[in-house]
>>> print(open('structure-v5.txt').read())   # compact mmCIF, C-alpha atoms and all ligand atoms
# COMPACT_ATOMS: atom_id res chain seq x y z
CA ARG A 44 -19.08 17.18 13.80
CA LEU A 45 -16.30 18.96 11.97
CA ALA A 46 -15.60 22.49 13.15
CA SER A 47 -15.26 23.97 9.69
CA LEU A 48 -18.61 22.61 8.58
CA SER A 49 -20.75 24.94 10.61
CA GLY A 50 -22.18 27.71 8.52
CA LEU A 51 -21.57 25.91 5.24
CA GLN A 52 -24.67 26.46 3.18
CA ALA A 53 -24.45 25.60 -0.46
CA GLY A 54 -21.95 25.14 -3.21
CA HIS A 55 -20.70 22.80 -5.85
CA LEU A 56 -18.33 19.88 -5.40
CA LYS A 57 -16.67 18.38 -8.47
CA LEU A 58 -15.29 14.88 -8.17
CA SER A 59 -13.70 12.47 -10.63
CA VAL A 60 -13.02 8.87 -9.70
CA VAL A 61 -11.49 5.92 -11.50
CA THR A 62 -13.88 3.17 -12.54
CA THR A 63 -12.76 0.84 -9.75
CA ALA A 64 -13.72 3.43 -7.12
CA LYS A 65 -17.19 4.12 -8.48
CA TYR A 66 -18.61 1.22 -6.48
CA PHE A 67 -17.31 2.59 -3.24
CA PHE A 68 -17.13 6.33 -3.38
CA PRO A 69 -20.88 7.07 -3.65
CA HIS A 70 -21.34 5.42 -0.25
CA LEU A 71 -19.08 8.04 1.27
CA LEU A 72 -20.73 10.85 -0.62
CA GLY A 73 -24.14 9.77 0.67
CA PRO A 74 -23.58 10.68 4.33
CA PHE A 75 -21.83 13.93 3.35
CA CYS A 76 -24.71 15.03 1.12
CA GLN A 77 -27.28 14.07 3.74
CA ARG A 78 -25.56 16.35 6.19
CA TYR A 79 -25.29 19.18 3.65
CA PRO A 80 -28.32 18.78 1.41
CA ASP A 81 -27.72 22.07 -0.42
CA ILE A 82 -24.37 21.02 -1.81
CA GLU A 83 -24.55 20.04 -5.43
CA VAL A 84 -22.18 17.33 -6.63
CA SER A 85 -20.82 16.43 -10.07
CA PHE A 86 -19.41 12.94 -10.13
CA ASN A 87 -17.36 11.98 -13.13
CA ILE A 88 -16.11 8.45 -13.77
CA GLY A 89 -13.33 7.36 -16.11
CA ASN A 90 -10.18 5.34 -16.35
CA ARG A 91 -6.82 6.49 -15.05
CA GLY A 92 -5.86 8.09 -18.36
CA SER A 93 -8.98 10.23 -18.54
CA MET A 94 -8.58 11.21 -14.87
CA ILE A 95 -5.04 12.39 -15.58
CA SER A 96 -6.29 14.54 -18.48
CA ARG A 97 -8.96 16.09 -16.28
CA LEU A 98 -6.43 16.72 -13.51
CA ARG A 99 -4.08 18.42 -15.97
CA GLU A 100 -6.93 20.65 -17.15
CA ASN A 101 -7.99 21.48 -13.57
CA LYS A 102 -11.54 20.30 -14.22
CA ASP A 103 -12.47 19.04 -10.76
CA ASP A 104 -11.86 19.59 -7.05
CA PHE A 105 -10.73 16.04 -6.26
CA TYR A 106 -9.71 12.86 -8.03
CA VAL A 107 -9.54 9.31 -6.74
CA PHE A 108 -6.71 7.20 -8.17
CA SER A 109 -4.74 4.09 -7.27
CA HIS A 110 -1.83 5.27 -9.36
CA PRO A 111 -1.60 9.06 -9.28
CA PRO A 112 0.67 10.55 -11.96
CA ASP A 113 4.17 11.51 -10.85
CA ASP A 114 4.70 14.29 -13.38
CA ILE A 115 2.01 16.68 -12.11
CA GLU A 116 2.34 18.74 -8.91
CA ILE A 117 -0.30 17.23 -6.65
CA GLU A 118 -1.29 16.77 -3.05
CA LYS A 119 -2.52 13.30 -2.19
CA PHE A 120 -3.63 11.35 0.81
CA GLU A 121 -3.88 7.62 1.08
CA PHE A 122 -7.40 6.57 1.59
CA VAL A 123 -8.63 2.94 1.40
CA ASN A 124 -6.82 -0.23 0.33
CA ASN A 125 -7.57 -1.33 -3.20
CA PRO A 126 -6.42 -4.95 -3.46
CA LEU A 127 -6.33 -6.60 -6.88
CA VAL A 128 -7.31 -10.26 -7.05
CA VAL A 129 -7.34 -13.04 -9.63
CA VAL A 130 -10.92 -13.87 -10.61
CA VAL A 131 -12.02 -17.07 -12.33
CA HIS A 132 -15.30 -18.87 -12.99
CA ALA A 133 -16.48 -20.83 -9.93
CA GLU A 134 -15.95 -24.09 -11.84
CA HIS A 135 -12.35 -23.33 -12.81
CA PRO A 136 -10.16 -26.42 -12.19
CA LEU A 137 -8.01 -24.51 -9.68
CA ALA A 138 -10.97 -22.83 -7.95
CA ASN A 139 -10.51 -24.72 -4.69
CA LYS A 140 -6.71 -24.98 -4.64
CA LYS A 141 -4.53 -22.92 -2.32
CA ASN A 142 -1.31 -21.02 -2.80
CA ILE A 143 -1.43 -21.35 -6.58
CA ASP A 144 1.59 -20.31 -8.65
CA PHE A 145 0.51 -17.57 -11.05
CA ALA A 146 2.54 -19.39 -13.75
CA LYS A 147 -0.11 -22.16 -13.68
CA LEU A 148 -2.56 -19.67 -15.20
CA LYS A 149 -0.42 -18.61 -18.12
CA ASN A 150 -2.45 -20.53 -20.72
CA ASP A 151 -5.87 -19.44 -19.49
CA PRO A 152 -7.44 -16.83 -21.79
CA PHE A 153 -6.86 -13.56 -19.95
CA ILE A 154 -9.21 -10.59 -20.11
CA MET A 155 -7.34 -7.29 -19.83
CA ARG A 156 -8.60 -3.74 -19.22
CA GLU A 157 -7.98 -1.15 -21.95
CA PRO A 158 -4.81 0.96 -22.36
CA GLY A 159 -5.13 3.96 -19.99
CA SER A 160 -6.63 1.82 -17.22
CA GLY A 161 -4.91 1.90 -13.85
CA THR A 162 -5.86 -1.74 -13.30
CA ARG A 163 -4.06 -2.62 -16.51
CA PHE A 164 -1.09 -0.50 -15.40
CA ALA A 165 -0.93 -2.52 -12.14
CA VAL A 166 -1.30 -5.87 -13.95
CA GLU A 167 1.47 -4.99 -16.41
CA LYS A 168 3.72 -3.93 -13.55
CA TYR A 169 3.03 -7.18 -11.70
CA LEU A 170 3.82 -9.27 -14.81
CA GLN A 171 7.02 -7.34 -15.40
CA ASP A 172 8.17 -7.51 -11.77
CA SER A 173 7.30 -11.19 -11.31
CA GLY A 174 8.47 -12.38 -14.74
CA ASN A 175 5.05 -13.93 -15.38
CA SER A 176 3.00 -13.75 -18.55
CA VAL A 177 -0.66 -14.06 -19.48
CA ASN A 178 -2.46 -15.35 -22.54
CA GLU A 179 -4.18 -12.07 -23.37
CA LYS A 180 -7.30 -12.87 -25.37
CA MET A 181 -9.63 -9.94 -24.90
CA THR A 182 -9.43 -6.28 -24.01
CA ILE A 183 -12.53 -4.92 -22.33
CA GLU A 184 -13.11 -1.34 -21.25
CA SER A 185 -15.37 -2.13 -18.32
CA ASN A 186 -15.01 -3.95 -15.00
CA GLU A 187 -18.67 -4.97 -15.28
CA ALA A 188 -18.24 -6.55 -18.70
CA ILE A 189 -15.06 -8.31 -17.54
CA LYS A 190 -16.95 -9.80 -14.59
CA HIS A 191 -19.71 -11.06 -16.86
CA SER A 192 -17.12 -12.47 -19.26
CA VAL A 193 -15.45 -14.35 -16.40
CA MET A 194 -18.86 -15.62 -15.30
CA SER A 195 -19.48 -16.85 -18.86
CA LYS A 196 -16.18 -18.75 -18.82
CA LEU A 197 -14.62 -16.51 -21.48
CA GLY A 198 -11.46 -16.26 -19.40
CA ILE A 199 -9.84 -15.13 -16.19
CA SER A 200 -8.84 -11.66 -15.10
CA ILE A 201 -7.33 -9.50 -12.39
CA LEU A 202 -9.70 -6.93 -10.90
CA SER A 203 -10.01 -4.68 -7.90
CA VAL A 204 -11.84 -6.58 -5.17
CA HIS A 205 -14.15 -3.56 -4.84
CA THR A 206 -15.66 -4.27 -8.27
CA LEU A 207 -16.97 -7.65 -7.08
CA SER A 208 -20.45 -7.66 -5.60
CA GLN A 209 -22.26 -10.11 -3.37
CA ALA A 210 -24.92 -10.57 -6.03
CA THR A 211 -22.56 -12.22 -8.49
CA LYS A 212 -20.46 -14.02 -5.91
CA SER A 213 -21.73 -17.53 -6.63
CA SER A 214 -20.58 -17.45 -10.28
CA PHE A 215 -16.99 -16.45 -9.75
CA LYS A 216 -14.19 -17.31 -7.42
CA ILE A 217 -11.31 -15.24 -6.10
CA LEU A 218 -8.34 -17.56 -6.62
CA ASN A 219 -5.86 -18.13 -3.83
CA VAL A 220 -2.70 -17.20 -5.78
CA LYS A 221 0.77 -16.71 -4.30
CA GLY A 222 1.62 -13.01 -4.04
CA PHE A 223 -2.05 -11.92 -4.29
CA PRO A 224 -3.90 -9.75 -3.57
CA LEU A 225 -1.67 -7.13 -5.16
CA LYS A 226 -1.58 -4.36 -2.58
CA HIS A 227 -2.68 -1.01 -3.90
CA HIS A 228 -4.50 1.93 -2.33
CA TRP A 229 -6.78 4.65 -3.44
CA TYR A 230 -5.56 8.19 -3.06
CA VAL A 231 -7.59 11.36 -2.93
CA VAL A 232 -5.66 13.77 -5.13
CA TYR A 233 -5.85 17.49 -5.93
CA LEU A 234 -3.67 19.97 -7.75
CA LYS A 235 -1.02 21.45 -5.50
CA ASN A 236 -1.82 25.04 -6.41
CA LYS A 237 -5.59 24.52 -6.40
CA GLN A 238 -7.58 27.10 -4.45
CA LEU A 239 -9.96 24.79 -2.64
CA SER A 240 -13.46 26.19 -2.18
CA ASP A 241 -15.10 26.03 1.26
CA VAL A 242 -17.16 23.09 0.09
CA ALA A 243 -14.08 21.27 -1.21
CA ARG A 244 -12.13 21.87 1.99
CA THR A 245 -15.05 20.64 4.03
CA PHE A 246 -15.31 17.49 1.96
CA LEU A 247 -11.59 16.81 2.29
CA GLU A 248 -11.82 17.22 6.04
CA PHE A 249 -14.86 14.95 6.11
CA LEU A 250 -12.91 12.22 4.30
CA GLN A 251 -9.87 12.65 6.53
CA VAL A 252 -11.83 12.62 9.78
CA GLU A 253 -14.70 10.23 9.06
CA GLY A 254 -13.73 8.49 5.82
CA SER A 255 -11.88 5.52 7.25
CA ASP A 256 -14.59 4.66 9.80
CA LEU A 257 -17.26 4.87 7.10
CA ALA A 258 -15.10 2.77 4.79
CA ALA A 259 -14.57 0.12 7.46
CA GLU A 260 -18.33 -0.08 8.04
CA LEU A 261 -18.98 -0.42 4.34
CA LEU A 262 -16.37 -3.10 3.85
CA ASP A 263 -17.92 -5.17 6.59
CA ASN A 264 -20.73 -6.16 4.25
CA SER A 265 -18.75 -6.54 1.09
CA VAL A 266 -16.92 -9.27 -0.82
CA ALA A 267 -13.83 -7.15 -0.22
CA LYS A 268 -13.93 -7.98 3.50
CA GLY A 269 -10.94 -10.13 4.33
CA TYR A 270 -8.98 -8.73 1.40
CA VAL A 271 -8.80 -5.06 2.28
P1 LIG A 301 -9.01 2.07 -13.78
O1 LIG A 301 -8.83 2.30 -12.23
O2 LIG A 301 -8.52 0.68 -14.08
O3 LIG A 301 -10.46 2.25 -14.01
O4 LIG A 301 -8.17 3.11 -14.51
C1 LIG A 301 -7.64 1.92 -11.68
C2 LIG A 301 -7.25 2.60 -10.43
O5 LIG A 301 -7.76 2.13 -9.38
O6 LIG A 301 -6.44 3.55 -10.49
>>> encode(input="structure-v5.txt", output="structure tokens", more="lines below")
Ligand code: PGA
Amino acid sequence: RLASLSGLQAGHLKLSVVTTAKYFFPHLLGPFCQRYPDIEVSFNIGNRGSMISRLRENKDDFYVFSHPPDDIEIEKFEFVNNPLVVVVHAEHPLANKKNIDFAKLKNDPFIMREPGSGTRFAVEKYLQDSGNSVNEKMTIESNEAIKHSVMSKLGISILSVHTLSQATKSSFKILNVKGFPLKHHWYVVYLKNKQLSDVARTFLEFLQVEGSDLAAELLDNSVAKGYV
């Protein structure tokens, strides 16, 4: 039990998380809200670009990003690993190969997230740093739709391992590519001069004290296990 939690009755907690974190974050909110049933939560989901706008406008208490902006005065703490992996259809010719050179995939139709996406930001950085290229065929604004497109053999993609669920596991394959997974993390971020409410401070403390144990438990049953 966290010391500062005693006496906390009710209040409102405003959270905004990037689309890749929406699969994960509710599972941390669950135990918090069960302990404090009178706390009301708003949970906003968007891509990195829309999170940055909300942060600038001081709309929420906390934000979850992989790539926090560096031109806004923020506090951040590193939270859970967010590895990015290459996903292909289970019948892709390289599906069972090991240590694949990313260059071997350069002609495969590549499905990219939209401008403003942090996943796209990370993919573009990887391509630039590694000197690789992709055959960009489609831009899709949703991790879900990208997964279904990969499952329908429309192309390959790079996604956060957290977006992949057990249910769809048989139709796609995480390729064993040299240099992957790309190592990223999620950060919990708030404005440096933000006056945190009691509820917000309590939630932050909850994440800092209990977040990583809860996350480890959660990851035990997920496709992400072994990657994170
Ligand atoms: P996004 O999330 O691609 O939905 O913007 C990326 C991130 O993890 O920052």
>>> residues_around(input="structure-v5.txt", residues="Phe122 of chain A", least_positions_apart="3", cutoff="9 Å", atoms="all atoms listed in the file", output="list in words")
His228, Trp229, Tyr230, Val231, Leu250, Gln251, Gly254 and Ser255 of chain A
>>> closest_residue(input="structure-v5.txt", among="A:Phe68, A:Tyr169, A:Phe108, A:Tyr270", to="ligand LIG 301 (chain A)", atoms="only C-alpha atoms and all ligand atoms")
A:Phe108
>>> residues_around(input="structure-v5.txt", residues="segment 150-166 of chain A", least_positions_apart="6", cutoff="9 Å", atoms="all atoms listed in the file", output="PDB file with C-alpha atoms, keeping the file's coordinate frame")
ATOM      1  CA  VAL A  61     -11.490   5.920 -11.500  1.00  0.00           C
ATOM      2  CA  THR A  62     -13.880   3.170 -12.540  1.00  0.00           C
ATOM      3  CA  THR A  63     -12.760   0.840  -9.750  1.00  0.00           C
ATOM      4  CA  GLY A  89     -13.330   7.360 -16.110  1.00  0.00           C
ATOM      5  CA  ASN A  90     -10.180   5.340 -16.350  1.00  0.00           C
ATOM      6  CA  ARG A  91      -6.820   6.490 -15.050  1.00  0.00           C
ATOM      7  CA  GLY A  92      -5.860   8.090 -18.360  1.00  0.00           C
ATOM      8  CA  SER A  93      -8.980  10.230 -18.540  1.00  0.00           C
ATOM      9  CA  PHE A 108      -6.710   7.200  -8.170  1.00  0.00           C
ATOM     10  CA  SER A 109      -4.740   4.090  -7.270  1.00  0.00           C
ATOM     11  CA  HIS A 110      -1.830   5.270  -9.360  1.00  0.00           C
ATOM     12  CA  LEU A 127      -6.330  -6.600  -6.880  1.00  0.00           C
ATOM     13  CA  SER A 176       3.000 -13.750 -18.550  1.00  0.00           C
ATOM     14  CA  VAL A 177      -0.660 -14.060 -19.480  1.00  0.00           C
ATOM     15  CA  ASN A 178      -2.460 -15.350 -22.540  1.00  0.00           C
ATOM     16  CA  GLU A 179      -4.180 -12.070 -23.370  1.00  0.00           C
ATOM     17  CA  LYS A 180      -7.300 -12.870 -25.370  1.00  0.00           C
ATOM     18  CA  MET A 181      -9.630  -9.940 -24.900  1.00  0.00           C
ATOM     19  CA  THR A 182      -9.430  -6.280 -24.010  1.00  0.00           C
ATOM     20  CA  ILE A 183     -12.530  -4.920 -22.330  1.00  0.00           C
ATOM     21  CA  GLU A 184     -13.110  -1.340 -21.250  1.00  0.00           C
ATOM     22  CA  SER A 185     -15.370  -2.130 -18.320  1.00  0.00           C
ATOM     23  CA  ASN A 186     -15.010  -3.950 -15.000  1.00  0.00           C
ATOM     24  CA  ILE A 189     -15.060  -8.310 -17.540  1.00  0.00           C
ATOM     25  CA  SER A 192     -17.120 -12.470 -19.260  1.00  0.00           C
ATOM     26  CA  VAL A 193     -15.450 -14.350 -16.400  1.00  0.00           C
ATOM     27  CA  LEU A 197     -14.620 -16.510 -21.480  1.00  0.00           C
ATOM     28  CA  GLY A 198     -11.460 -16.260 -19.400  1.00  0.00           C
ATOM     29  CA  ILE A 199      -9.840 -15.130 -16.190  1.00  0.00           C
ATOM     30  CA  SER A 200      -8.840 -11.660 -15.100  1.00  0.00           C
ATOM     31  CA  ILE A 201      -7.330  -9.500 -12.390  1.00  0.00           C
ATOM     32  CA  LEU A 202      -9.700  -6.930 -10.900  1.00  0.00           C
ATOM     33  CA  SER A 203     -10.010  -4.680  -7.900  1.00  0.00           C
ATOM     34  CA  LEU A 225      -1.670  -7.130  -5.160  1.00  0.00           C
ATOM     35  CA  HIS A 227      -2.680  -1.010  -3.900  1.00  0.00           C
TER      36      HIS A 227
END
>>> atom_distance(input="structure-v5.txt", atom1="atom CA of Ala64 of chain A", atom2="atom CA of Ile95 of chain A")
15.1 Å
>>> residues_around(input="structure-v5.txt", residues="Glu260 of chain A", least_positions_apart="5", cutoff="12 Å", atoms="only C-alpha atoms", output="PyMOL selection string")
chain A and resi 67+70-71+253-255+265+267-268
>>> residues_around(input="structure-v5.txt", residues="segment 236-244 of chain A", least_positions_apart="6", cutoff="7 Å", atoms="all atoms listed in the file", output="PDB file with C-alpha atoms, in the coordinates of the input")
ATOM      1  CA  GLY A  54     -21.950  25.140  -3.210  1.00  0.00           C
ATOM      2  CA  HIS A  55     -20.700  22.800  -5.850  1.00  0.00           C
ATOM      3  CA  LEU A  56     -18.330  19.880  -5.400  1.00  0.00           C
ATOM      4  CA  ASP A 104     -11.860  19.590  -7.050  1.00  0.00           C
TER       5      ASP A 104
END
>>> closest_residue(input="structure-v5.txt", among="A:Lys226, A:Lys196, A:Arg97, A:Lys57", to="Pro136 of chain A", atoms="all atoms listed in the file")
A:Lys196
>>> residues_near_point(input="structure-v5.txt", point="(-1.3, -17.3, -2.1)", cutoff="9 Å", atoms="only C-alpha atoms", output="PyMOL selection string")
chain A and resi 141-144+218-224
>>> closest_residue(input="structure-v5.txt", among="A:Asp172, A:Glu134, A:Glu167, A:Glu116", to="ligand LIG 301 (chain A)", atoms="only C-alpha atoms and all ligand atoms")
A:Glu167
>>> closest_residue(input="structure-v5.txt", among="A:Thr245, A:Asn139, A:Asn101, A:Ser85", to="Leu58 of chain A", atoms="all atoms listed in the file")
A:Ser85
>>> residues_near_point(input="structure-v5.txt", point="(3.2, 20.1, -11.4)", cutoff="9 Å", atoms="all atoms listed in the file", output="number ranges by chain")
A: 99, 113-117, 234-236
>>> atom_distance(input="structure-v5.txt", atom1="atom C2 of ligand LIG 301 (chain A)", atom2="atom CA of Pro111 of chain A")
8.7 Å
